$ cat input_4.txt   # compact mmCIF, C-alpha atoms and all ligand atoms
# COMPACT_ATOMS: atom_id res chain seq x y z
CA MET A 5 9.13 21.89 -13.12
CA ALA A 6 7.32 19.02 -11.43
CA GLU A 7 9.89 16.58 -12.82
CA THR A 8 12.78 18.64 -11.42
CA MET A 9 11.16 18.85 -8.02
CA ILE A 10 10.70 15.11 -7.94
CA GLU A 11 14.29 14.48 -8.97
CA ASN A 12 15.42 16.73 -6.14
CA GLY A 13 13.41 14.60 -3.78
CA THR A 14 10.90 17.28 -2.86
CA GLY A 15 7.45 17.26 -4.39
CA THR A 16 7.09 13.51 -3.97
CA ALA A 17 4.14 12.02 -2.12
CA ALA A 18 6.53 9.56 -0.49
CA ARG A 19 10.07 8.41 -1.03
CA ALA A 20 12.68 6.11 0.39
CA GLU A 21 16.42 6.56 0.23
CA GLY A 22 18.94 3.80 0.68
CA LEU A 23 16.63 1.55 2.67
CA HIS A 24 18.13 -1.42 4.42
CA ARG A 25 16.11 -3.71 6.63
CA GLU A 26 17.65 -6.60 8.48
CA TYR A 27 15.76 -8.99 10.67
CA GLY A 28 17.67 -10.81 13.40
CA ARG A 29 21.39 -10.60 14.04
CA GLY A 30 24.61 -12.40 13.34
CA ALA A 31 24.53 -15.63 11.39
CA ALA A 32 20.71 -15.74 11.55
CA ALA A 33 20.28 -12.23 10.09
CA VAL A 34 18.02 -11.88 7.06
CA ARG A 35 18.68 -8.90 4.80
CA ALA A 36 15.16 -8.18 3.54
CA LEU A 37 16.06 -4.83 1.93
CA ARG A 38 19.53 -4.01 0.64
CA GLY A 39 19.63 -0.38 -0.46
CA VAL A 40 16.25 0.46 -1.98
CA SER A 41 15.51 4.00 -3.17
CA VAL A 42 12.12 4.87 -4.64
CA ALA A 43 10.26 8.12 -5.30
CA LEU A 44 6.49 8.14 -5.60
CA ALA A 45 5.17 11.06 -7.61
CA PRO A 46 1.82 12.45 -6.46
CA GLY A 47 -1.17 11.02 -8.31
CA THR A 48 0.59 7.90 -9.56
CA PHE A 49 -0.08 4.18 -9.18
CA THR A 50 2.96 1.95 -8.61
CA ALA A 51 2.98 -1.84 -8.47
CA VAL A 52 5.73 -3.66 -6.57
CA MET A 53 6.50 -7.16 -7.83
CA GLY A 54 9.17 -9.81 -7.47
CA PRO A 55 9.74 -13.37 -6.36
CA SER A 56 8.59 -14.59 -2.96
CA GLY A 57 10.89 -13.30 -0.24
CA SER A 58 12.31 -10.49 -2.40
CA GLY A 59 11.30 -7.81 0.14
CA LYS A 60 8.03 -6.44 -1.27
CA THR A 61 6.02 -6.43 1.95
CA THR A 62 9.01 -5.16 3.94
CA LEU A 63 9.36 -2.24 1.51
CA LEU A 64 5.65 -1.47 1.73
CA HIS A 65 5.69 -1.57 5.54
CA CYS A 66 8.76 0.69 5.71
CA LEU A 67 7.23 3.18 3.25
CA ALA A 68 3.95 3.16 5.19
CA GLY A 69 5.65 3.77 8.54
CA MET A 70 4.60 0.37 9.88
CA ASP A 71 8.15 -0.93 10.11
CA ARG A 72 11.42 0.92 10.64
CA PRO A 73 14.37 0.54 8.30
CA THR A 74 17.67 -0.53 9.83
CA ARG A 75 19.32 2.13 7.66
CA GLY A 76 18.11 4.76 5.19
CA SER A 77 15.24 7.20 5.32
CA VAL A 78 11.54 7.41 4.46
CA TRP A 79 9.79 10.68 3.66
CA TRP A 80 6.14 11.62 3.31
CA GLY A 81 6.27 14.91 1.49
CA ASP A 82 8.83 16.99 3.37
CA THR A 83 8.57 15.02 6.61
CA GLU A 84 11.21 12.42 7.40
CA VAL A 85 9.10 9.77 9.07
CA SER A 86 11.80 7.20 9.74
CA ARG A 87 13.13 9.41 12.54
CA LEU A 88 9.85 10.37 14.21
CA PRO A 89 9.07 9.08 17.68
CA GLU A 90 6.47 6.29 17.68
CA ARG A 91 3.56 8.40 18.91
CA ARG A 92 4.04 11.15 16.39
CA LEU A 93 4.49 8.58 13.64
CA ALA A 94 1.24 6.84 14.59
CA GLU A 95 -0.63 10.16 14.55
CA LEU A 96 0.75 11.13 11.18
CA ARG A 97 0.11 7.67 9.74
CA ARG A 98 -3.58 7.94 10.62
CA THR A 99 -3.99 11.15 8.64
CA ARG A 100 -1.54 10.74 5.78
CA ILE A 101 -1.55 7.03 4.98
CA GLY A 102 -4.16 4.41 4.13
CA PHE A 103 -3.43 0.68 4.17
CA VAL A 104 -5.34 -2.18 2.54
CA PHE A 105 -4.44 -5.74 3.50
CA GLN A 106 -4.92 -8.98 1.59
CA ALA A 107 -7.04 -10.43 4.40
CA PHE A 108 -9.24 -7.28 4.75
CA ASN A 109 -8.54 -7.09 8.54
CA LEU A 110 -12.03 -5.89 9.49
CA MET A 111 -13.43 -6.13 13.01
CA PRO A 112 -16.13 -8.83 12.78
CA ALA A 113 -18.23 -7.59 15.72
CA MET A 114 -18.47 -4.05 14.36
CA THR A 115 -20.78 -2.81 11.66
CA VAL A 116 -19.46 -1.70 8.30
CA ALA A 117 -19.77 1.96 9.31
CA GLN A 118 -18.02 1.36 12.65
CA ASN A 119 -15.15 -0.35 10.84
CA VAL A 120 -14.73 2.65 8.55
CA GLU A 121 -14.89 5.01 11.54
CA LEU A 122 -12.37 3.06 13.61
CA PRO A 123 -9.09 4.72 12.52
CA GLY A 124 -10.60 8.15 13.19
CA ARG A 125 -11.81 7.04 16.63
CA LEU A 126 -8.37 5.67 17.44
CA ALA A 127 -7.00 9.08 16.51
CA GLY A 128 -9.44 10.65 18.99
CA ARG A 129 -11.71 12.23 16.39
CA ARG A 130 -15.48 12.26 16.56
CA PRO A 131 -16.91 10.20 13.67
CA ASP A 132 -18.08 12.26 10.73
CA ARG A 133 -21.11 10.27 9.60
CA ALA A 134 -21.53 12.07 6.29
CA ARG A 135 -17.92 11.39 5.39
CA VAL A 136 -18.22 7.71 6.32
CA LEU A 137 -21.37 7.32 4.22
CA ASP A 138 -19.70 9.13 1.34
CA ALA A 139 -16.66 6.80 1.54
CA LEU A 140 -18.99 3.77 1.50
CA ALA A 141 -20.99 5.15 -1.43
CA ARG A 142 -17.77 5.67 -3.38
CA VAL A 143 -16.87 2.01 -3.08
CA GLY A 144 -20.39 0.94 -4.09
CA LEU A 145 -21.64 0.04 -0.60
CA ALA A 146 -24.34 2.63 -0.01
CA GLY A 147 -27.03 1.16 2.24
CA ARG A 148 -24.72 -1.50 3.74
CA GLU A 149 -23.50 0.56 6.69
CA ARG A 150 -25.34 -1.49 9.33
CA HIS A 151 -24.21 -4.88 8.05
CA ARG A 152 -21.47 -6.88 9.75
CA PRO A 153 -18.46 -7.98 7.69
CA GLY A 154 -19.59 -11.62 7.94
CA GLN A 155 -22.76 -10.74 6.03
CA LEU A 156 -20.75 -9.48 3.05
CA SER A 157 -18.87 -11.23 0.24
CA GLY A 158 -15.05 -11.12 0.12
CA GLY A 159 -15.11 -8.41 -2.54
CA GLN A 160 -17.55 -6.33 -0.48
CA GLN A 161 -15.36 -6.76 2.61
CA GLN A 162 -12.36 -5.50 0.67
CA ARG A 163 -14.47 -2.51 -0.44
CA VAL A 164 -15.13 -1.75 3.24
CA ALA A 165 -11.39 -1.95 3.87
CA ILE A 166 -10.80 0.48 1.00
CA ALA A 167 -13.43 2.87 2.37
CA ARG A 168 -11.68 2.63 5.76
CA ALA A 169 -8.34 3.40 4.09
CA LEU A 170 -9.79 6.36 2.17
CA VAL A 171 -12.04 8.01 4.73
CA ALA A 172 -9.28 10.21 6.16
CA ARG A 173 -8.42 11.23 2.56
CA PRO A 174 -4.82 10.12 2.86
CA GLN A 175 -2.17 11.20 0.40
CA VAL A 176 -0.87 7.69 -0.13
CA VAL A 177 -2.69 4.37 -0.07
CA PHE A 178 -0.64 1.19 0.30
CA ALA A 179 -2.18 -2.13 -0.65
CA ASP A 180 -0.53 -5.50 0.05
CA GLU A 181 -1.92 -8.04 -2.41
CA PRO A 182 -5.40 -6.50 -2.18
CA THR A 183 -6.83 -8.99 -4.69
CA GLY A 184 -4.96 -12.04 -3.38
CA ALA A 185 -8.00 -13.46 -1.57
CA LEU A 186 -10.54 -12.65 -4.30
CA ASP A 187 -11.71 -14.32 -7.50
CA ARG A 188 -10.56 -12.76 -10.74
CA ASN A 189 -13.62 -10.62 -11.54
CA THR A 190 -13.99 -9.32 -8.00
CA GLY A 191 -10.28 -8.57 -7.99
CA ARG A 192 -10.66 -6.50 -11.16
CA GLU A 193 -13.38 -4.41 -9.48
CA ILE A 194 -11.07 -3.69 -6.54
CA LEU A 195 -8.24 -2.70 -8.89
CA ALA A 196 -10.58 -0.40 -10.81
CA LEU A 197 -11.49 1.28 -7.50
CA LEU A 198 -7.84 1.85 -6.61
CA ARG A 199 -7.18 3.18 -10.13
CA ASP A 200 -10.19 5.47 -9.87
CA GLY A 201 -8.86 6.96 -6.61
CA VAL A 202 -5.66 7.86 -8.46
CA ASP A 203 -7.36 9.26 -11.57
CA ARG A 204 -10.27 11.04 -9.91
CA ASP A 205 -8.79 12.21 -6.62
CA GLY A 206 -5.10 12.48 -7.49
CA ARG A 207 -4.25 9.96 -4.79
CA THR A 208 -0.94 8.11 -4.81
CA CYS A 209 -1.22 4.34 -4.65
CA VAL A 210 1.37 1.61 -4.12
CA MET A 211 0.38 -2.02 -4.42
CA VAL A 212 2.25 -5.27 -3.93
CA THR A 213 0.98 -7.95 -6.27
CA HIS A 214 1.98 -11.27 -7.80
CA ASP A 215 -0.50 -10.87 -10.65
CA PRO A 216 0.75 -9.33 -13.94
CA VAL A 217 -2.83 -8.38 -14.87
CA ALA A 218 -3.18 -6.44 -11.59
CA ALA A 219 0.16 -4.72 -12.29
CA GLY A 220 -1.30 -3.64 -15.65
CA TYR A 221 -3.56 -1.22 -13.73
CA ALA A 222 -0.48 0.65 -12.47
CA ASP A 223 1.50 3.44 -14.16
CA ARG A 224 4.78 1.84 -13.21
CA VAL A 225 6.08 -1.47 -11.94
CA LEU A 226 9.09 -1.83 -9.65
CA LEU A 227 10.65 -5.27 -9.72
CA LEU A 228 12.45 -6.45 -6.60
CA ALA A 229 14.88 -9.34 -6.25
CA ASP A 230 16.95 -10.16 -3.18
CA GLY A 231 16.02 -6.93 -1.44
CA MET A 232 16.93 -4.62 -4.33
CA VAL A 233 15.07 -2.88 -7.15
CA VAL A 234 16.37 -4.66 -10.24
CA ASP A 235 14.03 -3.35 -12.92
CA GLU A 236 11.34 -0.79 -13.58
CA LEU A 237 8.60 -0.70 -16.22
CA ASP A 238 6.59 2.34 -17.24
CA ARG A 239 3.03 1.95 -18.57
CA PRO A 240 3.20 -1.81 -18.08
CA THR A 241 1.04 -4.33 -19.86
CA ALA A 242 0.32 -7.73 -18.31
CA ALA A 243 2.36 -9.39 -21.09
CA MET A 244 5.43 -7.18 -20.48
CA VAL A 245 5.23 -7.76 -16.74
CA GLY A 246 4.82 -11.53 -17.12
CA GLU A 247 7.85 -11.68 -19.37
CA ARG A 248 10.10 -9.64 -17.01
CA LEU A 249 8.93 -11.65 -14.01
CA SER A 250 9.66 -14.97 -15.65
CA ARG A 251 13.23 -13.72 -16.31
CA LEU A 252 13.54 -13.14 -12.56
CA GLY A 253 12.23 -16.58 -11.83
CA GLY A 254 9.20 -15.14 -10.04
N1 LIG A 301 9.49 -10.11 10.94
C1 LIG A 301 10.41 -10.81 10.26
N2 LIG A 301 11.37 -11.50 10.92
C2 LIG A 301 12.33 -12.19 10.26
N3 LIG A 301 12.41 -12.26 8.92
C3 LIG A 301 11.49 -11.60 8.21
C4 LIG A 301 10.44 -10.84 8.83
N4 LIG A 301 9.67 -10.29 7.86
C5 LIG A 301 10.21 -10.67 6.69
N5 LIG A 301 11.29 -11.46 6.89
C6 LIG A 301 12.15 -12.05 5.85
O1 LIG A 301 12.56 -11.01 4.97
C7 LIG A 301 12.56 -11.46 3.62
C8 LIG A 301 11.63 -10.57 2.79
O2 LIG A 301 10.27 -10.80 3.23
P1 LIG A 301 9.02 -10.06 2.57
O3 LIG A 301 7.81 -10.55 3.30
O4 LIG A 301 9.26 -8.61 2.52
O5 LIG A 301 9.05 -10.65 1.10
P2 LIG A 301 7.93 -10.62 -0.03
O6 LIG A 301 8.63 -10.29 -1.31
O7 LIG A 301 6.81 -9.74 0.38
O8 LIG A 301 7.48 -12.15 -0.06
P3 LIG A 301 6.07 -12.85 -0.46
O9 LIG A 301 5.88 -12.57 -1.92
O10 LIG A 301 6.33 -14.30 -0.20
O11 LIG A 301 5.01 -12.25 0.42
C9 LIG A 301 12.15 -12.92 3.66
O12 LIG A 301 13.32 -13.71 3.65
C10 LIG A 301 11.42 -13.04 4.97
O13 LIG A 301 11.50 -14.35 5.48
$ encode --input "input_4.txt" --output "structure tokens" --more "lines below"
Ligand SMILES: Nc1ncnc2c1ncn2[C@@H]1O[C@H](COP(=O)(O)OP(=O)(O)OP(=O)(O)O)[C@@H](O)[C@H]1O
Amino acid sequence: MAETMIENGTGTAARAEGLHREYGRGAAAVRALRGVSVALAPGTFTAVMGPSGSGKTTLLHCLAGMDRPTRGSVWWGDTEVSRLPERRLAELRRTRIGFVFQAFNLMPAMTVAQNVELPGRLAGRRPDRARVLDALARVGLAGRERHRPGQLSGGQQQRVAIARALVARPQVVFADEPTGALDRNTGREILALLRDGVDRDGRTCVMVTHDPVAAGYADRVLLLADGMVVDELDRPTAAMVGERLSRLGG
């Protein structure tokens, strides 16, 4: 039943159909996405990989409602977000989507707790202290709420960013190279946290990564080349991913 619903396009946490994204016009135009369709089943972890410039970040931004496709559609559940007016899209993004960046993107002058509260405040909601503390505890940062980001290690800062992405309990979390700025062991801890959110809370997660070991935490890998999905791997191992990537020259 669930499979059929997903094939029909309903019952997905998010999906994209026939996405094209061009930057610039005329001779200078860059075709970053050239007809990408993906369906993200609820409670799954997908890694997006491919050579530099293949369109990974563009796809993530379009799926997360942070960029608009030139053509094609993006859906979160039954809502077509690619057609929503900007204000409505921003509102919906704050409740339905979490985003984790490679460079953490925390506000240095704010405390850890204030950083986690910020998206809610921007959405006009009063901070729910218990929920913020719970989100911090879940990423292993209980007791750090009054620290500033500069007083934390890179791995701890990324944990704050994950708590910030999760505090609204979004259906889908997007992560753009979340371990790219971290050493290997710290990176593994962050990946385990993302995996845990999928397994324990049924969250849907999509992550761009260059690292085959990181992709091994996912249920599925989508391989992009030249703005198109060229391959897909289920239950990937780092070795399988490394081998497919080297065939793509990535
Ligand atoms: N805002 C923009 N304006 C113009 N061109 C862009 C813009 N964003 C991306 N591009 C171009 O679109 C193509 C795809 O970029 P994208 O960042 O999605 O690739 P990527 O696979 O994430 O690359 P990397 O692995 O190097 O981060 C590239 O050729 C890039 O230069």
$ closest_residue --input "input_4.txt" --among "A:Arg25, A:Arg142, A:Arg87, A:Arg100" --to "A:His65" --atoms "only C-alpha atoms"
A:Arg25
$ axis_aligned_box --input "input_4.txt" --around "ligand LIG 301 (chain A)" --padding-each-side "5 Å" --output "AutoDock Vina command-line options"
--center_x 9.2 --center_y -11.5 --center_z 4.5 --size_x 18.3 --size_y 15.7 --size_z 22.9
$ residues_around --input "input_4.txt" --residues "stretch 232-238 of chain A" --least-positions-apart "3" --cutoff "12 Å" --atoms "all atoms listed in the file" --output "tab-separated table (two decimals) with C-alpha atoms, in the coordinates of the input"
chain	number	residue	atom	x	y	z
A	20	ALA	CA	12.68	6.11	0.39
A	22	GLY	CA	18.94	3.80	0.68
A	23	LEU	CA	16.63	1.55	2.67
A	24	HIS	CA	18.13	-1.42	4.42
A	25	ARG	CA	16.11	-3.71	6.63
A	35	ARG	CA	18.68	-8.90	4.80
A	36	ALA	CA	15.16	-8.18	3.54
A	37	LEU	CA	16.06	-4.83	1.93
A	38	ARG	CA	19.53	-4.01	0.64
A	39	GLY	CA	19.63	-0.38	-0.46
A	40	VAL	CA	16.25	0.46	-1.98
A	41	SER	CA	15.51	4.00	-3.17
A	42	VAL	CA	12.12	4.87	-4.64
A	48	THR	CA	0.59	7.90	-9.56
A	49	PHE	CA	-0.08	4.18	-9.18
A	50	THR	CA	2.96	1.95	-8.61
A	51	ALA	CA	2.98	-1.84	-8.47
A	52	VAL	CA	5.73	-3.66	-6.57
A	53	MET	CA	6.50	-7.16	-7.83
A	54	GLY	CA	9.17	-9.81	-7.47
A	55	PRO	CA	9.74	-13.37	-6.36
A	57	GLY	CA	10.89	-13.30	-0.24
A	58	SER	CA	12.31	-10.49	-2.40
A	59	GLY	CA	11.30	-7.81	0.14
A	60	LYS	CA	8.03	-6.44	-1.27
A	62	THR	CA	9.01	-5.16	3.94
A	63	LEU	CA	9.36	-2.24	1.51
A	216	PRO	CA	0.75	-9.33	-13.94
A	219	ALA	CA	0.16	-4.72	-12.29
A	220	GLY	CA	-1.30	-3.64	-15.65
A	221	TYR	CA	-3.56	-1.22	-13.73
A	222	ALA	CA	-0.48	0.65	-12.47
A	223	ASP	CA	1.50	3.44	-14.16
A	224	ARG	CA	4.78	1.84	-13.21
A	225	VAL	CA	6.08	-1.47	-11.94
A	226	LEU	CA	9.09	-1.83	-9.65
A	227	LEU	CA	10.65	-5.27	-9.72
A	228	LEU	CA	12.45	-6.45	-6.60
A	229	ALA	CA	14.88	-9.34	-6.25
A	241	THR	CA	1.04	-4.33	-19.86
A	242	ALA	CA	0.32	-7.73	-18.31
A	243	ALA	CA	2.36	-9.39	-21.09
A	244	MET	CA	5.43	-7.18	-20.48
A	245	VAL	CA	5.23	-7.76	-16.74
A	246	GLY	CA	4.82	-11.53	-17.12
A	247	GLU	CA	7.85	-11.68	-19.37
A	248	ARG	CA	10.10	-9.64	-17.01
A	249	LEU	CA	8.93	-11.65	-14.01
A	251	ARG	CA	13.23	-13.72	-16.31
A	252	LEU	CA	13.54	-13.14	-12.56
$ residues_around --input "input_4.txt" --residues "stretch 68-70 of chain A" --least-positions-apart "6" --cutoff "12 Å" --atoms "all atoms listed in the file" --output "PyMOL selection string"
chain A and resi 17-20+61-62+77-80+83-104+174-180+209-211
$ atom_distance --input "input_4.txt" --atom1 "atom CA of A:Leu170" --atom2 "atom N2 of ligand LIG 301 (chain A)"
29.0 Å
$ closest_residue --input "input_4.txt" --among "A:Pro112, A:Gly231, A:Gly147, A:Gly184" --to "ligand LIG 301 (chain A)" --atoms "all atoms listed in the file"
A:Gly231
$ atom_distance --input "input_4.txt" --atom1 "atom CA of A:Arg130" --atom2 "atom CA of A:Pro153"
22.3 Å
$ closest_residue --input "input_4.txt" --among "A:Asp205, A:Asp82, A:Glu181, A:Glu121" --to "A:Phe105" --atoms "all atoms listed in the file"
A:Glu181
$ decode --input "input_4.txt" --residues "stretch 126-167 of chain A" --atoms "C-alpha atoms" --output "PDB file, in the first residue's frame"
ATOM      1  CA  LEU A 126      11.419  34.687  13.033  1.00  0.00           C
ATOM      2  CA  ALA A 127       8.136  32.841  12.530  1.00  0.00           C
ATOM      3  CA  GLY A 128       6.593  35.005  15.277  1.00  0.00           C
ATOM      4  CA  ARG A 129       6.315  32.242  17.863  1.00  0.00           C
ATOM      5  CA  ARG A 130       7.131  32.632  21.527  1.00  0.00           C
ATOM      6  CA  PRO A 131      10.140  30.442  22.415  1.00  0.00           C
ATOM      7  CA  ASP A 132       9.245  27.160  24.051  1.00  0.00           C
ATOM      8  CA  ARG A 133      12.107  26.765  26.510  1.00  0.00           C
ATOM      9  CA  ALA A 134      11.374  23.144  27.358  1.00  0.00           C
ATOM     10  CA  ARG A 135      11.396  22.214  23.694  1.00  0.00           C
ATOM     11  CA  VAL A 136      14.678  24.055  23.090  1.00  0.00           C
ATOM     12  CA  LEU A 137      16.326  22.314  26.050  1.00  0.00           C
ATOM     13  CA  ASP A 138      14.978  18.973  24.865  1.00  0.00           C
ATOM     14  CA  ALA A 139      16.398  19.557  21.355  1.00  0.00           C
ATOM     15  CA  LEU A 140      19.792  20.426  22.878  1.00  0.00           C
ATOM     16  CA  ALA A 141      19.728  17.383  25.151  1.00  0.00           C
ATOM     17  CA  ARG A 142      18.986  15.156  22.163  1.00  0.00           C
ATOM     18  CA  VAL A 143      22.130  16.313  20.400  1.00  0.00           C
ATOM     19  CA  GLY A 144      24.214  15.825  23.552  1.00  0.00           C
ATOM     20  CA  LEU A 145      24.458  19.500  24.545  1.00  0.00           C
ATOM     21  CA  ALA A 146      22.505  19.592  27.799  1.00  0.00           C
ATOM     22  CA  GLY A 147      23.934  22.301  30.048  1.00  0.00           C
ATOM     23  CA  ARG A 148      25.497  24.276  27.157  1.00  0.00           C
ATOM     24  CA  GLU A 149      22.517  26.530  26.478  1.00  0.00           C
ATOM     25  CA  ARG A 150      24.190  29.711  27.761  1.00  0.00           C
ATOM     26  CA  HIS A 151      27.436  29.251  25.840  1.00  0.00           C
ATOM     27  CA  ARG A 152      28.232  31.216  22.698  1.00  0.00           C
ATOM     28  CA  PRO A 153      29.089  29.314  19.513  1.00  0.00           C
ATOM     29  CA  GLY A 154      32.704  30.541  19.728  1.00  0.00           C
ATOM     30  CA  GLN A 155      33.106  28.669  23.015  1.00  0.00           C
ATOM     31  CA  LEU A 156      32.232  25.355  21.374  1.00  0.00           C
ATOM     32  CA  SER A 157      34.149  22.951  19.125  1.00  0.00           C
ATOM     33  CA  GLY A 158      33.188  22.574  15.448  1.00  0.00           C
ATOM     34  CA  GLY A 159      31.348  19.333  16.168  1.00  0.00           C
ATOM     35  CA  GLN A 160      29.434  20.946  19.033  1.00  0.00           C
ATOM     36  CA  GLN A 161      28.525  23.908  16.806  1.00  0.00           C
ATOM     37  CA  GLN A 162      27.148  21.533  14.201  1.00  0.00           C
ATOM     38  CA  ARG A 163      25.126  19.839  16.969  1.00  0.00           C
ATOM     39  CA  VAL A 164      23.619  23.250  17.794  1.00  0.00           C
ATOM     40  CA  ALA A 165      22.770  23.671  14.117  1.00  0.00           C
ATOM     41  CA  ILE A 166      21.093  20.250  14.135  1.00  0.00           C
ATOM     42  CA  ALA A 167      19.117  21.145  17.271  1.00  0.00           C
TER      43      ALA A 167
END
